[in-house]
Structure formats: structure tokens, C-alpha cells
$ cat protein-v5.pdb   # PDB, C-alpha atoms
ATOM      1  CA  MET A   1     -38.925  19.019  98.293
ATOM      2  CA  SER A   2     -42.408  18.281  96.965
ATOM      3  CA  ASN A   3     -42.572  21.834  95.572
ATOM      4  CA  LYS A   4     -39.407  21.228  93.505
ATOM      5  CA  ALA A   5     -40.749  17.895  92.240
ATOM      6  CA  ALA A   6     -44.058  19.502  91.238
ATOM      7  CA  ASN A   7     -42.208  22.304  89.476
ATOM      8  CA  GLY A   8     -40.132  19.693  87.592
ATOM      9  CA  PHE A   9     -43.257  17.815  86.456
ATOM     10  CA  ILE A  10     -44.947  21.045  85.345
ATOM     11  CA  THR A  11     -41.886  22.103  83.344
ATOM     12  CA  ALA A  12     -41.591  18.660  81.730
ATOM     13  CA  TRP A  13     -45.314  18.649  80.911
ATOM     14  CA  LYS A  14     -45.081  22.073  79.201
ATOM     15  CA  GLY A  15     -42.196  20.873  77.039
ATOM     16  CA  LEU A  16     -43.861  17.576  76.161
ATOM     17  CA  SER A  17     -47.199  19.227  75.369
ATOM     18  CA  LEU A  18     -45.449  21.559  72.946
ATOM     19  CA  THR A  19     -43.674  18.617  71.269
ATOM     20  CA  ILE A  20     -46.826  16.490  71.103
ATOM     21  CA  GLY A  21     -48.772  19.456  69.707
ATOM     22  CA  HIS A  22     -46.276  19.802  66.841
ATOM     23  CA  LEU A  23     -46.258  16.032  66.273
ATOM     24  CA  PHE A  24     -50.004  15.847  65.609
ATOM     25  CA  ALA A  25     -50.197  19.213  63.836
ATOM     26  CA  SER A  26     -47.816  18.150  61.052
ATOM     27  CA  ASN A  27     -50.306  16.357  58.880
ATOM     28  CA  SER A  28     -49.704  18.022  55.534
ATOM     29  CA  LYS A  29     -46.912  17.778  53.003
ATOM     30  CA  ARG A  30     -44.970  20.743  51.843
ATOM     31  CA  ARG A  31     -45.861  21.956  48.366
ATOM     32  CA  VAL A  32     -43.040  22.763  45.970
ATOM     33  CA  ILE A  33     -43.450  26.397  44.941
ATOM     34  CA  SER A  34     -41.049  29.041  43.714
ATOM     35  CA  ALA A  35     -38.858  30.797  46.262
ATOM     36  CA  SER A  36     -40.083  34.147  44.913
ATOM     37  CA  ASP A  37     -43.710  33.270  45.786
ATOM     38  CA  ASP A  38     -45.205  35.361  48.603
ATOM     39  CA  ASN A  39     -46.379  32.229  50.447
ATOM     40  CA  TYR A  40     -43.001  30.489  50.335
ATOM     41  CA  PHE A  41     -42.190  31.046  54.017
ATOM     42  CA  LYS A  42     -45.815  31.004  55.204
ATOM     43  CA  GLN A  43     -46.335  27.348  54.307
ATOM     44  CA  LEU A  44     -44.168  26.105  57.185
ATOM     45  CA  GLY A  45     -47.068  25.660  59.591
ATOM     46  CA  GLY A  46     -48.345  22.094  59.822
ATOM     47  CA  THR A  47     -45.715  20.575  57.543
ATOM     48  CA  ASN A  48     -43.042  18.083  58.369
ATOM     49  CA  THR A  49     -40.815  17.559  55.327
ATOM     50  CA  ILE A  50     -40.692  17.075  51.590
ATOM     51  CA  GLN A  51     -40.355  13.630  50.047
ATOM     52  CA  TYR A  52     -36.739  13.941  48.885
ATOM     53  CA  PRO A  53     -35.482  12.919  46.274
ATOM     54  CA  HIS A  54     -38.913  12.581  44.647
ATOM     55  CA  GLN A  55     -39.640  16.178  45.605
ATOM     56  CA  SER A  56     -37.062  18.892  45.812
ATOM     57  CA  MET A  57     -37.157  22.423  47.056
ATOM     58  CA  PRO A  58     -36.811  25.154  44.437
ATOM     59  CA  VAL A  59     -33.503  26.930  44.578
ATOM     60  CA  PRO A  60     -33.132  30.685  44.076
ATOM     61  CA  GLU A  61     -31.756  31.765  40.709
ATOM     62  CA  VAL A  62     -28.922  33.665  42.361
ATOM     63  CA  GLY A  63     -27.987  30.817  44.700
ATOM     64  CA  ARG A  64     -24.366  29.720  45.002
ATOM     65  CA  TYR A  65     -24.049  25.991  44.577
ATOM     66  CA  GLN A  66     -21.886  23.543  42.614
ATOM     67  CA  LEU A  67     -19.276  25.052  40.248
ATOM     68  CA  ASP A  68     -19.079  23.919  36.644
ATOM     69  CA  VAL A  69     -16.610  24.795  33.891
ATOM     70  CA  GLU A  70     -17.278  24.803  30.166
ATOM     71  CA  ILE A  71     -13.690  23.990  29.223
ATOM     72  CA  ASP A  72     -14.241  24.697  25.514
ATOM     73  CA  ASP A  73     -14.959  28.345  26.380
ATOM     74  CA  CYS A  74     -12.027  28.694  28.792
ATOM     75  CA  ILE A  75      -9.128  30.854  27.589
ATOM     76  CA  VAL A  76      -7.001  29.744  30.586
ATOM     77  CA  CYS A  77      -6.477  33.307  31.788
ATOM     78  CA  ASP A  78      -5.989  32.028  35.357
ATOM     79  CA  LEU A  79      -8.050  34.873  36.867
ATOM     80  CA  CYS A  80     -10.361  32.479  38.710
ATOM     81  CA  ALA A  81      -7.439  30.716  40.387
ATOM     82  CA  LYS A  82      -5.800  34.010  41.344
ATOM     83  CA  ILE A  83      -8.918  35.510  42.936
ATOM     84  CA  CYS A  84      -9.944  32.371  44.834
ATOM     85  CA  PRO A  85      -9.433  33.125  48.564
ATOM     86  CA  VAL A  86      -9.031  29.446  49.508
ATOM     87  CA  ASP A  87      -6.976  28.252  46.495
ATOM     88  CA  CYS A  88      -9.420  25.539  45.503
ATOM     89  CA  ILE A  89      -8.813  26.040  41.757
ATOM     90  CA  THR A  90      -5.668  24.506  40.264
ATOM     91  CA  ILE A  91      -4.735  25.339  36.685
ATOM     92  CA  ASP A  92      -1.748  24.085  34.693
ATOM     93  CA  SER A  93      -1.462  25.992  31.435
ATOM     94  CA  ILE A  94       0.608  25.390  28.306
ATOM     95  CA  LYS A  95       1.098  28.187  25.795
ATOM     96  CA  ALA A  96       0.100  27.081  22.299
ATOM     97  CA  THR A  97       2.401  27.454  19.318
ATOM     98  CA  GLU A  98      -0.520  28.585  17.150
ATOM     99  CA  LEU A  99      -4.101  29.780  17.565
ATOM    100  CA  ILE A 100      -6.151  26.893  18.979
ATOM    101  CA  GLY A 101      -9.554  28.266  18.043
ATOM    102  CA  ASN A 102     -12.228  30.571  19.385
ATOM    103  CA  THR A 103     -14.631  30.391  22.300
ATOM    104  CA  SER A 104     -18.396  30.697  21.869
ATOM    105  CA  ASP A 105     -18.168  34.486  22.342
ATOM    106  CA  GLY A 106     -15.370  34.825  19.751
ATOM    107  CA  SER A 107     -12.409  35.180  22.129
ATOM    108  CA  PRO A 108      -9.244  33.621  20.672
ATOM    109  CA  LYS A 109      -7.763  30.625  22.523
ATOM    110  CA  ARG A 110      -3.963  30.577  22.688
ATOM    111  CA  ILE A 111      -3.361  28.538  25.858
ATOM    112  CA  TYR A 112      -4.074  24.870  26.565
ATOM    113  CA  ALA A 113      -5.534  23.807  29.908
ATOM    114  CA  ALA A 114      -3.431  20.762  30.782
ATOM    115  CA  LYS A 115      -5.056  20.719  34.213
ATOM    116  CA  PHE A 116      -8.163  22.492  35.474
ATOM    117  CA  ASP A 117      -9.247  21.099  38.851
ATOM    118  CA  ILE A 118     -11.654  22.479  41.422
ATOM    119  CA  ASP A 119     -11.570  21.048  44.940
ATOM    120  CA  MET A 120     -15.153  21.511  46.108
ATOM    121  CA  ALA A 121     -14.188  20.371  49.617
ATOM    122  CA  LYS A 122     -12.196  23.604  49.954
ATOM    123  CA  CYS A 123     -14.605  25.852  48.030
ATOM    124  CA  MET A 124     -16.434  28.392  50.169
ATOM    125  CA  TYR A 125     -19.000  29.165  47.429
ATOM    126  CA  CYS A 126     -18.224  32.879  47.359
ATOM    127  CA  GLY A 127     -18.726  33.152  43.589
ATOM    128  CA  LEU A 128     -15.708  35.391  42.983
ATOM    129  CA  CYS A 129     -14.382  33.040  40.289
ATOM    130  CA  THR A 130     -17.596  33.375  38.293
ATOM    131  CA  ILE A 131     -17.468  37.182  38.460
ATOM    132  CA  VAL A 132     -13.927  37.629  37.100
ATOM    133  CA  CYS A 133     -14.197  35.083  34.270
ATOM    134  CA  PRO A 134     -14.056  37.085  31.004
ATOM    135  CA  THR A 135     -15.697  34.347  28.923
ATOM    136  CA  GLU A 136     -18.183  33.275  31.618
ATOM    137  CA  CYS A 137     -17.106  29.652  31.271
ATOM    138  CA  ILE A 138     -17.112  29.018  35.033
ATOM    139  CA  ILE A 139     -20.594  29.152  36.494
ATOM    140  CA  MET A 140     -22.493  28.112  39.585
ATOM    141  CA  THR A 141     -25.167  25.552  38.803
ATOM    142  CA  ASN A 142     -28.297  24.816  40.822
ATOM    143  CA  THR A 143     -26.932  21.409  41.882
ATOM    144  CA  TYR A 144     -26.441  21.303  45.642
ATOM    145  CA  ASP A 145     -26.722  17.642  46.593
ATOM    146  CA  ARG A 146     -23.534  15.959  45.443
ATOM    147  CA  SER A 147     -22.736  13.738  48.385
ATOM    148  CA  VAL A 148     -19.668  11.504  48.287
ATOM    149  CA  PHE A 149     -18.142   8.899  50.571
ATOM    150  CA  GLU A 150     -14.492   9.868  49.971
ATOM    151  CA  LEU A 151     -13.145  13.410  50.295
ATOM    152  CA  LYS A 152     -10.978  12.957  47.183
ATOM    153  CA  ASP A 153     -14.164  12.534  45.122
ATOM    154  CA  LEU A 154     -14.915  16.236  45.642
ATOM    155  CA  ASN A 155     -11.958  17.154  43.425
ATOM    156  CA  TYR A 156     -13.475  17.739  39.980
ATOM    157  CA  GLU A 157     -11.269  17.612  36.892
ATOM    158  CA  PHE A 158     -12.507  19.668  33.951
ATOM    159  CA  SER A 159      -9.548  19.437  31.561
ATOM    160  CA  ASP A 160      -9.931  16.959  28.749
ATOM    161  CA  MET A 161      -6.216  16.876  27.903
ATOM    162  CA  THR A 162      -4.357  13.632  28.576
ATOM    163  CA  PRO A 163      -0.883  13.708  30.185
ATOM    164  CA  GLU A 164       0.611  12.419  26.905
ATOM    165  CA  ALA A 165      -0.997  15.236  24.911
ATOM    166  CA  ALA A 166       0.188  17.784  27.498
ATOM    167  CA  ALA A 167       3.765  16.478  27.226
ATOM    168  CA  GLU A 168       3.572  16.721  23.436
ATOM    169  CA  LYS A 169       2.328  20.341  23.580
ATOM    170  CA  ARG A 170       5.096  21.257  26.050
ATOM    171  CA  GLU A 171       7.693  19.746  23.724
ATOM    172  CA  LEU A 172       6.319  21.681  20.734
ATOM    173  CA  LEU A 173       6.457  24.906  22.763
ATOM    174  CA  GLU A 174      10.072  24.239  23.804
ATOM    175  CA  GLN A 175      11.045  23.564  20.167
ATOM    176  CA  GLN A 176       9.399  26.817  19.052
ATOM    177  CA  GLN A 177      11.110  28.809  21.818
ATOM    178  CA  GLU A 178      14.479  27.246  20.951
ATOM    179  CA  ALA A 179      14.009  28.071  17.256
ATOM    180  CA  ARG A 180      13.160  31.683  18.133
ATOM    181  CA  ARG A 181      16.185  31.939  20.416
ATOM    182  CA  LEU A 182      18.486  30.589  17.699
ATOM    183  CA  ALA A 183      16.989  32.940  15.111
ATOM    184  CA  LYS A 184      17.497  35.870  17.462
ATOM    185  CA  GLU A 185      21.110  34.917  18.183
ATOM    186  CA  GLY A 186      21.793  34.290  14.486
ATOM    187  CA  GLY A 187      20.955  37.900  13.600
ATOM    188  CA  LYS A 188      23.422  39.399  16.123
ATOM    189  CA  PRO A 189      27.203  39.494  15.673
ATOM    190  CA  SER A 190      29.096  37.345  18.122
ATOM    191  CA  GLU A 191      31.088  39.059  20.891
ATOM    192  CA  GLY A 192      34.455  37.677  19.684
ATOM    193  CA  SER A 193      34.272  39.218  16.201
ATOM    194  CA  GLY A 194      36.042  42.508  15.530
ATOM    195  CA  ALA A 195      33.059  44.181  13.901
TER     196      ALA A 195
END
$ encode --input "protein-v5.pdb" --output "C-alpha cells"
Amino acid sequence: MSNKAANGFITAWKGLSLTIGHLFASNSKRRVISASDDNYFKQLGGTNTIQYPHQSMPVPEVGRYQLDVEIDDCIVCDLCAKICPVDCITIDSIKATELIGNTSDGSPKRIYAAKFDIDMAKCMYCGLCTIVCPTECIIMTNTYDRSVFELKDLNYEFSDMTPEAAAEKRELLEQQQEARRLAKEGGKPSEGSGA
């Protein structure tokens, strides 16, 4: 019995001595250096933490963090929504009746983005949407600390079109399609004529 009690005290003392050793050894603050620096992982000894948010850790350039969309460069091709494995991108497109304009790389814009939402609660940060984008309007930023209290606040809306403007564009498209249909039917002879 006394042997088991002694063994228990020895085991507890070994664990506590290790913890106490780390407690008094951590007397220096972590320096903020680039992740590509050779000493980046060697500076862990004797440190406890950084003083966040006054200090922040550098993030790698190829890191996958918060998505952002430059909606003025978007041609609403829907490739990002189609390739997304978790369906976190929702796009509602309206075909324009005329050329809207050009993106920053010169691509013509012919489709309105009535809705362009990304649900970051669903996003798995794979980066596939950024790879397939032909105009590179959807990118991953280096922002990683967007904390929210409500889950619905992680749904980011990037479209700047109001519902009223979207309804107006849909109506213009329907009028154009109806005019084209009537023009097409007007050029053909009707079935009841003897021609």
C-alpha cells in the first residue's frame, strides 16, 4: 500500500516539476518575424504568447483565410459556385440586355450579379473558387480573425444590386426576349396559311 502511495507521489511530482519548470521558463515575449525566417519555429522556447491584438503573427503568403470578392471585376460566370464542394457560394444572375462594361482585365461584362453571397460558416477554405475564377475577382485575403456572435453574420453579401434594381433588370430582359420571340414568329408563315 505504501509503495503505491509513494509511486503516486513520485509520478505527481514529476508532472508538477515539468509544469512549474515551464511556468518559470516563459519569461520572454514572442517576436513577430516572417514565417519564411529560419528562426520562426526555433523561437518557441521560453515564450508564452503574443500580445494579441496589439501584436499579430505573420501569416504565410499562400495561406487560405477569409474570401473576398471584387464584384466590379466579376463576370458572373458561376464557376466558383459550381466547383465549391460544400455549396457555400450562392449566385443569382440576370442576363443583361446590353454590354454592362468591362472588368479591370478587359473582359466584357454581360451578366448582372443580383446576388453573390458566401457563407463562411460552410466554407472549408480549400481555395478551389479562387483557382477557377477567370478574372481573379475572388481571392483569399490574409484576414483570419473575423469572430461573430451570430452564425448568420458569417454570410457575406458582395452584390451591390438592390432587389428593386434586380426586378427592373429582369423585366427588361423579359421584354427583350418577348420582342425577339415576336420578331422571330413574324418572319415565319403561320401554319393555317396555304403557302
$ resolve_selection --input "protein-v5.pdb" --expression "the PyMOL selection byres ((chain A and resi 56-69) around 8)" --output "list in words"
Val32, Ile33, Ser34, Ala35, Ser36, Ile50, Gln51, Tyr52, Pro53, His54, Gln55, Glu70, Ile71, Cys74, Met120, Tyr125, Cys126, Gly127, Cys137, Ile138, Ile139, Met140, Thr141, Asn142, Thr143, Tyr144 and Phe158 of chain A
$ write_last_selection --input "protein-v5.pdb" --atoms "C-alpha atoms" --output "compact mmCIF listing (two decimals), keeping the file's coordinate frame"
# COMPACT_ATOMS: atom_id res chain seq x y z
CA VAL A 32 -43.04 22.76 45.97
CA ILE A 33 -43.45 26.40 44.94
CA SER A 34 -41.05 29.04 43.71
CA ALA A 35 -38.86 30.80 46.26
CA SER A 36 -40.08 34.15 44.91
CA ILE A 50 -40.69 17.08 51.59
CA GLN A 51 -40.35 13.63 50.05
CA TYR A 52 -36.74 13.94 48.88
CA PRO A 53 -35.48 12.92 46.27
CA HIS A 54 -38.91 12.58 44.65
CA GLN A 55 -39.64 16.18 45.60
CA GLU A 70 -17.28 24.80 30.17
CA ILE A 71 -13.69 23.99 29.22
CA CYS A 74 -12.03 28.69 28.79
CA MET A 120 -15.15 21.51 46.11
CA TYR A 125 -19.00 29.16 47.43
CA CYS A 126 -18.22 32.88 47.36
CA GLY A 127 -18.73 33.15 43.59
CA CYS A 137 -17.11 29.65 31.27
CA ILE A 138 -17.11 29.02 35.03
CA ILE A 139 -20.59 29.15 36.49
CA MET A 140 -22.49 28.11 39.58
CA THR A 141 -25.17 25.55 38.80
CA ASN A 142 -28.30 24.82 40.82
CA THR A 143 -26.93 21.41 41.88
CA TYR A 144 -26.44 21.30 45.64
CA PHE A 158 -12.51 19.67 33.95
$ resolve_selection --input "protein-v5.pdb" --expression "the PyMOL selection byres ((chain A and resi 117) around 6)" --output "MDAnalysis selection string"
chainID A and resid 89:90 116 118 156:157
$ atom_distance --input "protein-v5.pdb" --atom1 "CA of Leu18 (chain A)" --atom2 "CA of Met1 (chain A)"
26.3 Å
$ atom_distance --input "protein-v5.pdb" --atom1 "CA of Ala167 (chain A)" --atom2 "CA of Ala81 (chain A)"
22.4 Å
$ atom_distance --input "protein-v5.pdb" --atom1 "CA of Thr19 (chain A)" --atom2 "CA of Tyr40 (chain A)"
24.1 Å
$ residues_around --input "protein-v5.pdb" --residues "Val76 (chain A)" --least-positions-apart "3" --cutoff "9 Å" --atoms "all atoms listed in the file" --output "compact mmCIF listing (two decimals) with C-alpha atoms, keeping the file's coordinate frame"
# COMPACT_ATOMS: atom_id res chain seq x y z
CA ILE A 71 -13.69 23.99 29.22
CA LEU A 79 -8.05 34.87 36.87
CA ILE A 91 -4.74 25.34 36.68
CA ASP A 92 -1.75 24.08 34.69
CA SER A 93 -1.46 25.99 31.44
CA LYS A 109 -7.76 30.62 22.52
CA ARG A 110 -3.96 30.58 22.69
CA ILE A 111 -3.36 28.54 25.86
CA TYR A 112 -4.07 24.87 26.56
CA ALA A 113 -5.53 23.81 29.91
CA PHE A 116 -8.16 22.49 35.47
$ axis_aligned_box --input "protein-v5.pdb" --around "region 119-128 of chain A" --padding-each-side "5 Å" --output "lines of an AutoDock Vina configuration file"
center_x = -15.3
center_y = 27.9
center_z = 46.6
size_x = 17.4
size_y = 25.0
size_z = 17.2
$ closest_residue --input "protein-v5.pdb" --among "A:Glu168, A:Asp73, A:Asp87, A:Asp119" --to "Asn155 (chain A)" --atoms "only C-alpha atoms"
A:Asp119
$ resolve_selection --input "protein-v5.pdb" --expression "the PyMOL selection byres ((chain A and resi 135) around 8)" --output "PyMOL selection string"
chain A and resi 73-75+103+105+107+133-134+136-137
$ decode --input "protein-v5.pdb" --residues "region 88-117 of chain A" --atoms "N, CA and C atoms" --output "PDB file, in the first residue's frame"
ATOM      1  N   CYS A  88     -21.078  26.740 -50.583  1.00  0.00           N
ATOM      2  CA  CYS A  88     -21.165  27.920 -49.722  1.00  0.00           C
ATOM      3  C   CYS A  88     -21.320  29.205 -50.528  1.00  0.00           C
ATOM      4  N   ILE A  89     -21.198  29.132 -51.854  1.00  0.00           N
ATOM      5  CA  ILE A  89     -21.346  30.312 -52.705  1.00  0.00           C
ATOM      6  C   ILE A  89     -22.696  30.254 -53.402  1.00  0.00           C
ATOM      7  N   THR A  90     -23.476  31.326 -53.246  1.00  0.00           N
ATOM      8  CA  THR A  90     -24.796  31.419 -53.866  1.00  0.00           C
ATOM      9  C   THR A  90     -24.796  32.611 -54.819  1.00  0.00           C
ATOM     10  N   ILE A  91     -25.099  32.340 -56.081  1.00  0.00           N
ATOM     11  CA  ILE A  91     -25.107  33.398 -57.085  1.00  0.00           C
ATOM     12  C   ILE A  91     -26.455  33.394 -57.798  1.00  0.00           C
ATOM     13  N   ASP A  92     -27.049  34.577 -57.918  1.00  0.00           N
ATOM     14  CA  ASP A  92     -28.269  34.770 -58.690  1.00  0.00           C
ATOM     15  C   ASP A  92     -27.911  35.736 -59.805  1.00  0.00           C
ATOM     16  N   SER A  93     -27.943  35.254 -61.035  1.00  0.00           N
ATOM     17  CA  SER A  93     -27.506  36.074 -62.162  1.00  0.00           C
ATOM     18  C   SER A  93     -28.680  36.502 -63.031  1.00  0.00           C
ATOM     19  N   ILE A  94     -28.524  37.670 -63.650  1.00  0.00           N
ATOM     20  CA  ILE A  94     -29.518  38.205 -64.580  1.00  0.00           C
ATOM     21  C   ILE A  94     -28.771  38.604 -65.841  1.00  0.00           C
ATOM     22  N   LYS A  95     -29.164  38.027 -66.970  1.00  0.00           N
ATOM     23  CA  LYS A  95     -28.527  38.364 -68.236  1.00  0.00           C
ATOM     24  C   LYS A  95     -28.877  39.802 -68.609  1.00  0.00           C
ATOM     25  N   ALA A  96     -27.871  40.556 -69.025  1.00  0.00           N
ATOM     26  CA  ALA A  96     -28.083  41.961 -69.380  1.00  0.00           C
ATOM     27  C   ALA A  96     -28.591  42.064 -70.816  1.00  0.00           C
ATOM     28  N   THR A  97     -29.326  43.123 -71.085  1.00  0.00           N
ATOM     29  CA  THR A  97     -29.832  43.350 -72.435  1.00  0.00           C
ATOM     30  C   THR A  97     -28.797  44.018 -73.322  1.00  0.00           C
ATOM     31  N   GLU A  98     -27.752  44.568 -72.715  1.00  0.00           N
ATOM     32  CA  GLU A  98     -26.666  45.203 -73.459  1.00  0.00           C
ATOM     33  C   GLU A  98     -25.368  44.969 -72.691  1.00  0.00           C
ATOM     34  N   LEU A  99     -24.254  45.376 -73.264  1.00  0.00           N
ATOM     35  CA  LEU A  99     -22.966  45.241 -72.604  1.00  0.00           C
ATOM     36  C   LEU A  99     -22.934  46.175 -71.395  1.00  0.00           C
ATOM     37  N   ILE A 100     -22.618  45.629 -70.229  1.00  0.00           N
ATOM     38  CA  ILE A 100     -22.601  46.425 -68.998  1.00  0.00           C
ATOM     39  C   ILE A 100     -21.333  47.261 -68.920  1.00  0.00           C
ATOM     40  N   GLY A 101     -20.231  46.679 -69.289  1.00  0.00           N
ATOM     41  CA  GLY A 101     -18.931  47.339 -69.201  1.00  0.00           C
ATOM     42  C   GLY A 101     -17.837  46.294 -69.260  1.00  0.00           C
ATOM     43  N   ASN A 102     -16.659  46.668 -68.815  1.00  0.00           N
ATOM     44  CA  ASN A 102     -15.519  45.765 -68.828  1.00  0.00           C
ATOM     45  C   ASN A 102     -14.928  45.660 -67.422  1.00  0.00           C
ATOM     46  N   THR A 103     -14.275  44.529 -67.168  1.00  0.00           N
ATOM     47  CA  THR A 103     -13.585  44.345 -65.904  1.00  0.00           C
ATOM     48  C   THR A 103     -12.215  45.014 -66.002  1.00  0.00           C
ATOM     49  N   SER A 104     -11.442  44.950 -64.935  1.00  0.00           N
ATOM     50  CA  SER A 104     -10.127  45.595 -64.938  1.00  0.00           C
ATOM     51  C   SER A 104      -9.149  44.922 -65.899  1.00  0.00           C
ATOM     52  N   ASP A 105      -9.396  43.636 -66.251  1.00  0.00           N
ATOM     53  CA  ASP A 105      -8.517  42.982 -67.221  1.00  0.00           C
ATOM     54  C   ASP A 105      -9.068  43.039 -68.642  1.00  0.00           C
ATOM     55  N   GLY A 106     -10.171  43.761 -68.856  1.00  0.00           N
ATOM     56  CA  GLY A 106     -10.728  43.948 -70.192  1.00  0.00           C
ATOM     57  C   GLY A 106     -11.809  42.958 -70.584  1.00  0.00           C
ATOM     58  N   SER A 107     -12.164  42.030 -69.714  1.00  0.00           N
ATOM     59  CA  SER A 107     -13.222  41.065 -70.029  1.00  0.00           C
ATOM     60  C   SER A 107     -14.572  41.774 -70.069  1.00  0.00           C
ATOM     61  N   PRO A 108     -15.387  41.494 -71.085  1.00  0.00           N
ATOM     62  CA  PRO A 108     -16.702  42.154 -71.157  1.00  0.00           C
ATOM     63  C   PRO A 108     -17.665  41.583 -70.114  1.00  0.00           C
ATOM     64  N   LYS A 109     -18.487  42.445 -69.533  1.00  0.00           N
ATOM     65  CA  LYS A 109     -19.496  42.038 -68.554  1.00  0.00           C
ATOM     66  C   LYS A 109     -20.859  42.080 -69.226  1.00  0.00           C
ATOM     67  N   ARG A 110     -21.545  40.927 -69.241  1.00  0.00           N
ATOM     68  CA  ARG A 110     -22.852  40.832 -69.875  1.00  0.00           C
ATOM     69  C   ARG A 110     -23.920  40.269 -68.932  1.00  0.00           C
ATOM     70  N   ILE A 111     -23.534  40.005 -67.680  1.00  0.00           N
ATOM     71  CA  ILE A 111     -24.454  39.414 -66.714  1.00  0.00           C
ATOM     72  C   ILE A 111     -24.376  40.208 -65.412  1.00  0.00           C
ATOM     73  N   TYR A 112     -25.549  40.513 -64.859  1.00  0.00           N
ATOM     74  CA  TYR A 112     -25.616  41.198 -63.563  1.00  0.00           C
ATOM     75  C   TYR A 112     -25.573  40.166 -62.436  1.00  0.00           C
ATOM     76  N   ALA A 113     -24.950  40.525 -61.340  1.00  0.00           N
ATOM     77  CA  ALA A 113     -24.947  39.686 -60.142  1.00  0.00           C
ATOM     78  C   ALA A 113     -25.999  40.238 -59.186  1.00  0.00           C
ATOM     79  N   ALA A 114     -27.215  39.707 -59.269  1.00  0.00           N
ATOM     80  CA  ALA A 114     -28.281  40.162 -58.376  1.00  0.00           C
ATOM     81  C   ALA A 114     -28.002  39.705 -56.950  1.00  0.00           C
ATOM     82  N   LYS A 115     -27.327  38.582 -56.829  1.00  0.00           N
ATOM     83  CA  LYS A 115     -26.978  38.043 -55.508  1.00  0.00           C
ATOM     84  C   LYS A 115     -25.639  37.334 -55.626  1.00  0.00           C
ATOM     85  N   PHE A 116     -24.726  37.655 -54.740  1.00  0.00           N
ATOM     86  CA  PHE A 116     -23.439  36.964 -54.670  1.00  0.00           C
ATOM     87  C   PHE A 116     -23.085  36.851 -53.196  1.00  0.00           C
ATOM     88  N   ASP A 117     -23.451  35.730 -52.585  1.00  0.00           N
ATOM     89  CA  ASP A 117     -23.258  35.507 -51.155  1.00  0.00           C
ATOM     90  C   ASP A 117     -22.276  34.364 -50.927  1.00  0.00           C
TER      91      ASP A 117
END
